[in-house]
Amino acid sequence: MRFTQVLCGTASAVVLAGLTPMAAQAQQSDIPTVDSIVVTAQKREQNLQDVPVVVTAVGAKLLQDTGVKDIKDLTILTPGLTVTSTTSEASTTARIRGVGTVGDNPGLESSVGVVIDGVYRPRNGVSFGDLGQMERIEVLKGPQGTLFGKSTSAGVINIVTKEPEFGFGAEGEATIGNFNAHGLAASVTGPLFGTETLAGRLYVAARERDGYNDVVTGKGPSDRDEDADQNFYTVRGQLLFVPDDKSSFKLIGDYTKRDENCCGAVQIRTGATAGLLAIVNGGPALANPANPYDRVAYSNRGAPASVEDKGVSLEGKIDTGFGEITSITAVRNWRTDNGQDSDFSTADLAYRVKDGTNSAEFTTFSQEIRLAGQTDKFDWLVGAFLADEKLDNKANFLYGNNYEQYLGRLLSLAASPSTGGLPNFVATLLNRAPNTSFVGGQGLHDRYQQRATTIAGFTNNTWHVTDAFDITAGLRYSIDDKTLDTYQTTSDGGIACATALSPAGQLRIATLVGAANAPTVIGNLCLPWANPLFNGRGTKQKRSDKEWSGTIKASYRFSPEVFTYASYARGYKGGGFNLDRTQSSNGLPSGGSGITPIKDTSFPAEFVDSYELGMKNTLFNRTVLFNITGFYQKFSDFQLNTFLGTSFAVRSIPEVTSKGADLDFIWFTPVHGLSIQSGLSYSDTKYGDQAVPNDPTNALALLPGSRMSLAPKWSGTASVTYEHPVGDSLKARFNVGAKYSSDYNTGSDLFPPKVQKDYTVVNGRVALGAVDDKWTIELWGQNLFDEKYEQVAFNGFLQGSSGLSATNKVYNPAADTITYDAFLGAPRTYGMTLRAKF
């Protein structure tokens with residue numbers, strides 16, 4: 001996609017209603033037009049208004065004006081796009097039209113794909129970070145089953161960075177802001193060795209910021225009093241070799257290192273177990289009452305995180321006369337290592353330690369090759385894609401020093417409420433010395449080694465039936481093979497559970513709590529991380545998917561101003577394996593509550609059938625773009641990764657539907673330097689009425705027929721940019737951008753306390769600088785009105801029950817005793833940036 005002017009976003013009919021009289025006067029020759037927007041959504045250059053695809057396209061200047069540095073910032077410009085982070089910034093998930101993949105399980109591929117400089121990234125979290133100097137970003141909505149690396153079921157975010165130039169140029173910027181933010185970035189580009197065939201570009205940046213949240217650490221051992229800070233540096237180098245006018249080669253290498261503390265959670269509601277936590281902790285262990293927007297997290301263990309991302313790619317283009325060959329070869333490595341206070345309190349219940357045994361590492365090789373050409377009647381493209389992805393995922397989950405006493409008091413209270421929770425109750429149940437059944441620092445140490453290979457062939461072709469009527473067909477055949485080697489250990493051998501399961505243990509527990517309560521007590525002593533049946537357990541699994549995906553589109557141009565199209569697309573996302581301990585009564589996913597390890601942790605591929613009907617209008621001397629698209633998407637075997645209270649599990653939801661409309665709008669106004677971009681998206685994204693399979697505890701009983709989590713019905717964006725000269729040598733530039741989201745539930749189980757009310761985030765930037773951009777000083781603010789919102793809410797670890805009836809599947813708020821925690825959205829930030837060009 002090429003941009004010759006500032007652009008471009010998406011649109012609102014509300015704005016259109018008021019612009020007719022002024023737009024009709026737009027006759028000035030220097031006003032940019034919609035013709036300047038050229039996209040490559042079908043891997044060939046086309047004007048945006050000639051493409052039968054819903055594309056939100058954002059150019060470099062608008063990205064800078066709105067402060068976009070990563071895909072989470074991009075939401076301010078893209079209606080229907082939601083990006084959230086949970087346990088760490090590495091667990092980042094993008095959703096389009098309400099559909100995405102929760103990122104806590106690295107075994108899950110992403111419903112929304114991310115492609116950077118033609119290279120498919122295996123997970124959304126891998127792509128989160130400073131994207132550097134960007135040329136443009138395209139957000140393609142709906143399944144992309146043909147052209148963008150792996151087939152995706154919900155959409156693609158396509159990011160293109162600035163390539164080297166043959167004219168010398170250098171840029172630098174320095175930024176300061178609140179929360180002690182400061183950063184430096186610099187770039188240089190130009191010809192190398194005095195040649196006209198070889199050019200380079202180098203970009204470097206470093207940014208730091210104190211944390212958004214204060215932290216109460218209690219007795220420690222962590223003494224970190226802030227959370228959600230930022231500390232990273234990145235370097236990106238490119239070489240462009242153009243030996244002649246028929247070929248070019250581009251080599252890109254990049255490296256990013258992040259060492260941060262993220263993410264602590266705050267209480268949004270404190271439940272009945274706060275008193276027990278205070279007893280075992282020797283004082284208050286969490287916010288009581290909850291006041292989340294004080295931004296005080298309770299965490300005695302902290303959340304240190306390291307992320308390292310590096311890679312190299314080579315892109316070659318050769319015009320053979322018959323067609324153009326494009327080859328993109330890439331090797332990438334991404335690794336994250338995290339610690340976590342898993343109970344999000346100052347009581348020492350459970351934690352993950354950052355020592356190399358709680359990490360995920362992707363090593364990926366990919367190769368794509370395409371041949372594209374055209375005749376008078378046909379635009380044709382054929383290609384192949386290969387990917388070899390190795391995932392090494394290590395997990396630890398350890399008992400804290402208060403775990404045994406807290407669990408014992410919970411079990412005592414459940415068996416006999418009048419006791420108020422007896423001390424040393426676990427020791428009494430198991431006839432062991434106090435604090436020897438769950439010793440602090442002991443727990444699980446698991447390893448999952450997955451290898452995934454993809455081989456795909458694809459074609460995408462357009463037949464120009466007449467000058468006005470086109471038919472486009474795309475087809476892809478993918479073979480996805482995955483193998484998983486799992487090895488699980490428990491450092492203390494699961495001694496507490498083993499004792500409870502022995503004949504003497506079962507008899508003693510039944511005698512103390514009663515036969516009716518004994519299974520519940522034993523089940524809680526044998527939670528997955530304490531279950532000896534996992535100790536020393538190794539398994540091997542494999543699966544293969546061979547699937548077709550693709551699209552067919554028919555478009556008709558009624559006039560130079562009006563373009564219409566109808567399309568059908570089949571999207572596909574490969575199946576995989578759950579990378580966590582799960583157990584049931586019989587070792588099968590369909591089993592009831594129990595302690596037998598589930599051996600088969602696979603889940604099937606996800607499919608979607610998508611239908612769209614669109615109209616693209618180019619109005620008022622081609623200065624106004626107004627596009628509207630209606631869509632209907634039906635997903636089958638939707639992959640839902642959800643927290644079951646003790647572990648993560650992937651559930652295949654039989655049916656999910658998403659229907660609605662996208663409106664896009666751009667206006668290059670007759671006022672010189674003033675442009676407006678806005679958008680509106682309506683998405684009614686719901687689960688089918690069928691019960692969720694393999695849900696014996698009814699943890700997902702609220703899903704059937706309900707709207708999906710993190711799926712607002714309405715979202716709208718608006719961005720206004722105005723540039724005006726100040727005297728003969730200066731110019732001023734103003735930008736205000738806003739994003740509105742209607743209410744939605746942030747929890748995968750849809751419990752009502754996790755609902756986020758509607759909210760609006762507003763960003764602003766004011767710049768003054770030289771007319772030739774030699775220098776510019778900017779004052780900026782993100783979330784200017786300090787809007788308060790939650791990214792994701794979740795149940796506190798072993799802190800209450802939901803009040804969800806297992807018989808009639810009805811939520812009873814009066815019986816809900818859970819402590820609910822949440823990861824919050826960023827607060828208001830502001831600062832100043834000085835830019836210079838040479």
# chains A, B, ... in the order shown; residues from 1 in each chain; ligands from 1

call {"tool": "closest_atom_pairs", "arguments": {"of": "region 251-277 of chain A", "to": "region 744-754 of chain A", "cutoff": "12 Å", "atoms": "only C-alpha atoms", "output": "JSON lines"}}
result
{"residue": "A:Gln267", "atom": "CA", "partner": "A:Lys754", "partner_atom": "CA", "distance": 11.4}
{"residue": "A:Ile268", "atom": "CA", "partner": "A:Pro753", "partner_atom": "CA", "distance": 8.6}
{"residue": "A:Arg269", "atom": "CA", "partner": "A:Pro753", "partner_atom": "CA", "distance": 8.2}
{"residue": "A:Thr270", "atom": "CA", "partner": "A:Pro753", "partner_atom": "CA", "distance": 11.3}
{"residue": "A:Gly271", "atom": "CA", "partner": "A:Pro753", "partner_atom": "CA", "distance": 11.7}

call {"tool": "residues_around", "arguments": {"residues": "Lys150 (chain A)", "least_positions_apart": "5", "cutoff": "10 Å", "atoms": "only C-alpha atoms", "output": "PDB file with all heavy atoms, in the first residue's frame"}}
result
ATOM      1  N   GLU A 109      -2.894 -21.213  17.874  1.00  0.00           N
ATOM      2  CA  GLU A 109      -2.619 -20.227  16.842  1.00  0.00           C
ATOM      3  C   GLU A 109      -3.631 -19.091  16.964  1.00  0.00           C
ATOM      4  O   GLU A 109      -4.628 -19.199  17.660  1.00  0.00           O
ATOM      5  CB  GLU A 109      -2.687 -20.881  15.459  1.00  0.00           C
ATOM      6  CG  GLU A 109      -1.620 -21.945  15.251  1.00  0.00           C
ATOM      7  CD  GLU A 109      -1.769 -22.670  13.930  1.00  0.00           C
ATOM      8  OE1 GLU A 109      -2.645 -22.283  13.136  1.00  0.00           O
ATOM      9  OE2 GLU A 109      -1.017 -23.640  13.702  1.00  0.00           O
ATOM     10  N   SER A 110      -3.359 -17.996  16.259  1.00  0.00           N
ATOM     11  CA  SER A 110      -4.169 -16.802  16.411  1.00  0.00           C
ATOM     12  C   SER A 110      -5.254 -16.728  15.354  1.00  0.00           C
ATOM     13  O   SER A 110      -4.999 -16.965  14.169  1.00  0.00           O
ATOM     14  CB  SER A 110      -3.289 -15.550  16.319  1.00  0.00           C
ATOM     15  OG  SER A 110      -2.281 -15.570  17.315  1.00  0.00           O
ATOM     16  N   GLY A 113      -4.295 -12.970  12.401  1.00  0.00           N
ATOM     17  CA  GLY A 113      -2.881 -13.109  12.103  1.00  0.00           C
ATOM     18  C   GLY A 113      -2.179 -11.763  12.075  1.00  0.00           C
ATOM     19  O   GLY A 113      -2.792 -10.726  11.811  1.00  0.00           O
ATOM     20  N   VAL A 114      -0.883 -11.779  12.344  1.00  0.00           N
ATOM     21  CA  VAL A 114      -0.052 -10.588  12.248  1.00  0.00           C
ATOM     22  C   VAL A 114       1.095 -10.884  11.287  1.00  0.00           C
ATOM     23  O   VAL A 114       1.794 -11.884  11.425  1.00  0.00           O
ATOM     24  CB  VAL A 114       0.498 -10.162  13.621  1.00  0.00           C
ATOM     25  CG1 VAL A 114       1.459  -8.988  13.474  1.00  0.00           C
ATOM     26  CG2 VAL A 114      -0.641  -9.783  14.560  1.00  0.00           C
ATOM     27  N   VAL A 115       1.252 -10.005  10.294  1.00  0.00           N
ATOM     28  CA  VAL A 115       2.305 -10.131   9.298  1.00  0.00           C
ATOM     29  C   VAL A 115       3.119  -8.850   9.310  1.00  0.00           C
ATOM     30  O   VAL A 115       2.552  -7.753   9.206  1.00  0.00           O
ATOM     31  CB  VAL A 115       1.715 -10.378   7.892  1.00  0.00           C
ATOM     32  CG1 VAL A 115       2.821 -10.415   6.843  1.00  0.00           C
ATOM     33  CG2 VAL A 115       0.915 -11.675   7.874  1.00  0.00           C
ATOM     34  N   TYR A 120       4.898 -13.885   8.399  1.00  0.00           N
ATOM     35  CA  TYR A 120       3.841 -14.254   9.342  1.00  0.00           C
ATOM     36  C   TYR A 120       4.448 -14.511  10.714  1.00  0.00           C
ATOM     37  O   TYR A 120       5.454 -15.211  10.854  1.00  0.00           O
ATOM     38  CB  TYR A 120       3.124 -15.515   8.853  1.00  0.00           C
ATOM     39  CG  TYR A 120       2.092 -16.063   9.816  1.00  0.00           C
ATOM     40  CD1 TYR A 120       0.809 -15.541   9.848  1.00  0.00           C
ATOM     41  CD2 TYR A 120       2.415 -17.099  10.686  1.00  0.00           C
ATOM     42  CE1 TYR A 120      -0.138 -16.035  10.723  1.00  0.00           C
ATOM     43  CE2 TYR A 120       1.472 -17.602  11.572  1.00  0.00           C
ATOM     44  CZ  TYR A 120       0.201 -17.075  11.587  1.00  0.00           C
ATOM     45  OH  TYR A 120      -0.728 -17.573  12.470  1.00  0.00           O
ATOM     46  N   ARG A 121       3.842 -13.919  11.738  1.00  0.00           N
ATOM     47  CA  ARG A 121       4.291 -14.124  13.111  1.00  0.00           C
ATOM     48  C   ARG A 121       3.376 -15.142  13.780  1.00  0.00           C
ATOM     49  O   ARG A 121       2.144 -15.058  13.663  1.00  0.00           O
ATOM     50  CB  ARG A 121       4.279 -12.815  13.897  1.00  0.00           C
ATOM     51  CG  ARG A 121       5.177 -11.746  13.276  1.00  0.00           C
ATOM     52  CD  ARG A 121       6.629 -12.184  13.192  1.00  0.00           C
ATOM     53  NE  ARG A 121       7.482 -11.174  12.579  1.00  0.00           N
ATOM     54  CZ  ARG A 121       8.138 -10.224  13.250  1.00  0.00           C
ATOM     55  NH1 ARG A 121       8.020 -10.153  14.568  1.00  0.00           N
ATOM     56  NH2 ARG A 121       8.892  -9.360  12.620  1.00  0.00           N
ATOM     57  N   PRO A 122       3.938 -16.124  14.508  1.00  0.00           N
ATOM     58  CA  PRO A 122       3.124 -17.261  14.966  1.00  0.00           C
ATOM     59  C   PRO A 122       2.062 -16.928  16.004  1.00  0.00           C
ATOM     60  O   PRO A 122       1.070 -17.631  16.106  1.00  0.00           O
ATOM     61  CB  PRO A 122       4.164 -18.235  15.525  1.00  0.00           C
ATOM     62  CG  PRO A 122       5.372 -17.419  15.803  1.00  0.00           C
ATOM     63  CD  PRO A 122       5.362 -16.307  14.807  1.00  0.00           C
ATOM     64  N   GLN A 144      -8.983 -14.608   6.195  1.00  0.00           N
ATOM     65  CA  GLN A 144      -8.000 -14.462   5.131  1.00  0.00           C
ATOM     66  C   GLN A 144      -7.395 -15.831   4.893  1.00  0.00           C
ATOM     67  O   GLN A 144      -6.388 -16.203   5.489  1.00  0.00           O
ATOM     68  CB  GLN A 144      -6.943 -13.431   5.530  1.00  0.00           C
ATOM     69  CG  GLN A 144      -7.511 -12.075   5.906  1.00  0.00           C
ATOM     70  CD  GLN A 144      -8.277 -11.419   4.773  1.00  0.00           C
ATOM     71  OE1 GLN A 144      -7.853 -11.437   3.618  1.00  0.00           O
ATOM     72  NE2 GLN A 144      -9.426 -10.825   5.081  1.00  0.00           N
ATOM     73  N   GLY A 145      -8.036 -16.581   4.037  1.00  0.00           N
ATOM     74  CA  GLY A 145      -7.681 -17.979   3.865  1.00  0.00           C
ATOM     75  C   GLY A 145      -6.801 -18.264   2.673  1.00  0.00           C
ATOM     76  O   GLY A 145      -6.618 -19.425   2.323  1.00  0.00           O
ATOM     77  N   PHE A 385       3.642 -21.762   0.343  1.00  0.00           N
ATOM     78  CA  PHE A 385       4.079 -21.290   1.668  1.00  0.00           C
ATOM     79  C   PHE A 385       4.518 -22.483   2.493  1.00  0.00           C
ATOM     80  O   PHE A 385       3.856 -23.530   2.508  1.00  0.00           O
ATOM     81  CB  PHE A 385       2.932 -20.561   2.379  1.00  0.00           C
ATOM     82  CG  PHE A 385       3.262 -20.131   3.782  1.00  0.00           C
ATOM     83  CD1 PHE A 385       4.048 -19.015   4.012  1.00  0.00           C
ATOM     84  CD2 PHE A 385       2.778 -20.845   4.872  1.00  0.00           C
ATOM     85  CE1 PHE A 385       4.357 -18.618   5.306  1.00  0.00           C
ATOM     86  CE2 PHE A 385       3.082 -20.460   6.169  1.00  0.00           C
ATOM     87  CZ  PHE A 385       3.874 -19.337   6.394  1.00  0.00           C
ATOM     88  N   LEU A 386       5.648 -22.330   3.171  1.00  0.00           N
ATOM     89  CA  LEU A 386       6.194 -23.364   4.049  1.00  0.00           C
ATOM     90  C   LEU A 386       6.568 -22.727   5.372  1.00  0.00           C
ATOM     91  O   LEU A 386       7.186 -21.652   5.404  1.00  0.00           O
ATOM     92  CB  LEU A 386       7.431 -24.010   3.411  1.00  0.00           C
ATOM     93  CG  LEU A 386       8.295 -24.891   4.317  1.00  0.00           C
ATOM     94  CD1 LEU A 386       7.543 -26.168   4.690  1.00  0.00           C
ATOM     95  CD2 LEU A 386       9.621 -25.237   3.642  1.00  0.00           C
ATOM     96  N   ALA A 387       6.213 -23.375   6.469  1.00  0.00           N
ATOM     97  CA  ALA A 387       6.618 -22.904   7.795  1.00  0.00           C
ATOM     98  C   ALA A 387       6.986 -24.096   8.667  1.00  0.00           C
ATOM     99  O   ALA A 387       6.307 -25.130   8.638  1.00  0.00           O
ATOM    100  CB  ALA A 387       5.500 -22.096   8.455  1.00  0.00           C
ATOM    101  N   THR A 454       3.860 -26.511   8.241  1.00  0.00           N
ATOM    102  CA  THR A 454       2.781 -26.141   7.327  1.00  0.00           C
ATOM    103  C   THR A 454       3.318 -26.118   5.905  1.00  0.00           C
ATOM    104  O   THR A 454       4.364 -25.521   5.635  1.00  0.00           O
ATOM    105  CB  THR A 454       2.212 -24.756   7.672  1.00  0.00           C
ATOM    106  OG1 THR A 454       1.626 -24.793   8.968  1.00  0.00           O
ATOM    107  CG2 THR A 454       1.152 -24.346   6.661  1.00  0.00           C
ATOM    108  N   ILE A 455       2.613 -26.773   5.014  1.00  0.00           N
ATOM    109  CA  ILE A 455       2.887 -26.699   3.585  1.00  0.00           C
ATOM    110  C   ILE A 455       1.580 -26.311   2.911  1.00  0.00           C
ATOM    111  O   ILE A 455       0.541 -26.947   3.141  1.00  0.00           O
ATOM    112  CB  ILE A 455       3.396 -28.038   3.025  1.00  0.00           C
ATOM    113  CG1 ILE A 455       4.692 -28.458   3.719  1.00  0.00           C
ATOM    114  CG2 ILE A 455       3.607 -27.947   1.522  1.00  0.00           C
ATOM    115  CD1 ILE A 455       5.177 -29.831   3.314  1.00  0.00           C
ATOM    116  N   ALA A 456       1.619 -25.268   2.110  1.00  0.00           N
ATOM    117  CA  ALA A 456       0.382 -24.797   1.479  1.00  0.00           C
ATOM    118  C   ALA A 456       0.662 -24.325   0.061  1.00  0.00           C
ATOM    119  O   ALA A 456       1.717 -23.736  -0.215  1.00  0.00           O
ATOM    120  CB  ALA A 456      -0.240 -23.673   2.294  1.00  0.00           C
ATOM    121  N   SER A 478      -3.947 -26.491   2.507  1.00  0.00           N
ATOM    122  CA  SER A 478      -2.947 -26.471   3.582  1.00  0.00           C
ATOM    123  C   SER A 478      -2.822 -27.842   4.221  1.00  0.00           C
ATOM    124  O   SER A 478      -3.825 -28.530   4.462  1.00  0.00           O
ATOM    125  CB  SER A 478      -3.338 -25.460   4.666  1.00  0.00           C
ATOM    126  OG  SER A 478      -3.472 -24.157   4.145  1.00  0.00           O
ATOM    127  N   ASP A 480      -1.201 -29.159   7.676  1.00  0.00           N
ATOM    128  CA  ASP A 480      -0.617 -28.766   8.961  1.00  0.00           C
ATOM    129  C   ASP A 480      -0.390 -30.012   9.803  1.00  0.00           C
ATOM    130  O   ASP A 480      -1.352 -30.717  10.153  1.00  0.00           O
ATOM    131  CB  ASP A 480      -1.550 -27.806   9.709  1.00  0.00           C
ATOM    132  CG  ASP A 480      -1.637 -26.448   9.038  1.00  0.00           C
ATOM    133  OD1 ASP A 480      -0.583 -25.852   8.802  1.00  0.00           O
ATOM    134  OD2 ASP A 480      -2.765 -25.989   8.753  1.00  0.00           O
ATOM    135  N   TYR A 572      -9.932 -20.878   7.895  1.00  0.00           N
ATOM    136  CA  TYR A 572      -9.511 -22.083   8.618  1.00  0.00           C
ATOM    137  C   TYR A 572      -8.332 -21.731   9.519  1.00  0.00           C
ATOM    138  O   TYR A 572      -7.453 -20.954   9.150  1.00  0.00           O
ATOM    139  CB  TYR A 572      -9.134 -23.162   7.597  1.00  0.00           C
ATOM    140  CG  TYR A 572      -8.063 -24.132   8.028  1.00  0.00           C
ATOM    141  CD1 TYR A 572      -8.347 -25.177   8.893  1.00  0.00           C
ATOM    142  CD2 TYR A 572      -6.760 -24.006   7.550  1.00  0.00           C
ATOM    143  CE1 TYR A 572      -7.355 -26.068   9.287  1.00  0.00           C
ATOM    144  CE2 TYR A 572      -5.767 -24.886   7.926  1.00  0.00           C
ATOM    145  CZ  TYR A 572      -6.061 -25.919   8.793  1.00  0.00           C
ATOM    146  OH  TYR A 572      -5.085 -26.789   9.172  1.00  0.00           O
ATOM    147  N   LYS A 573      -8.345 -22.281  10.706  1.00  0.00           N
ATOM    148  CA  LYS A 573      -7.218 -22.166  11.635  1.00  0.00           C
ATOM    149  C   LYS A 573      -6.934 -23.544  12.194  1.00  0.00           C
ATOM    150  O   LYS A 573      -7.846 -24.239  12.661  1.00  0.00           O
ATOM    151  CB  LYS A 573      -7.548 -21.193  12.771  1.00  0.00           C
ATOM    152  CG  LYS A 573      -6.366 -20.969  13.705  1.00  0.00           C
ATOM    153  CD  LYS A 573      -6.705 -19.994  14.820  1.00  0.00           C
ATOM    154  CE  LYS A 573      -7.603 -20.628  15.849  1.00  0.00           C
ATOM    155  NZ  LYS A 573      -7.661 -19.858  17.101  1.00  0.00           N
ATOM    156  N   GLY A 574      -5.669 -23.957  12.149  1.00  0.00           N
ATOM    157  CA  GLY A 574      -5.316 -25.320  12.505  1.00  0.00           C
ATOM    158  C   GLY A 574      -5.637 -25.692  13.936  1.00  0.00           C
ATOM    159  O   GLY A 574      -5.702 -24.845  14.837  1.00  0.00           O
TER     160      GLY A 574
END

call {"tool": "select_by_dssp", "arguments": {"residues": "region 86-265 of chain A", "states": "strand (DSSP E)", "output": "count of residues only"}}
result
98

call {"tool": "atom_distance", "arguments": {"atom1": "CA of Thr466 (chain A)", "atom2": "CA of Asp609 (chain A)"}}
result
28.3 Å

call {"tool": "atom_distance", "arguments": {"atom1": "CA of Asn180 (chain A)", "atom2": "CA of Ala228 (chain A)"}}
result
12.8 Å

call {"tool": "residues_around", "arguments": {"residues": "Arg295 (chain A)", "least_positions_apart": "6", "cutoff": "12 Å", "atoms": "only C-alpha atoms", "output": "list in words"}}
result
Gly211, Tyr212, Asn213, Asp214, Val215, Val216, Asp225, Glu226, Asp227, Ala228, Gly264, Ala265, Val266, Gln267, Ile268, Ala287, Lys788, Tyr789, Glu790, Asp821, Ala822, Phe823, Leu824, Gly825, Ala826 and Pro827 of chain A

call {"tool": "closest_residue", "arguments": {"among": "A:Val307, A:Val58, A:Ala836, A:Val426", "to": "Glu89 (chain A)", "atoms": "only C-alpha atoms"}}
result
A:Val307

call {"tool": "closest_residue", "arguments": {"among": "A:Ile509, A:Tyr820, A:Arg97, A:Thr717", "to": "Asn291 (chain A)", "atoms": "only C-alpha atoms"}}
result
A:Tyr820
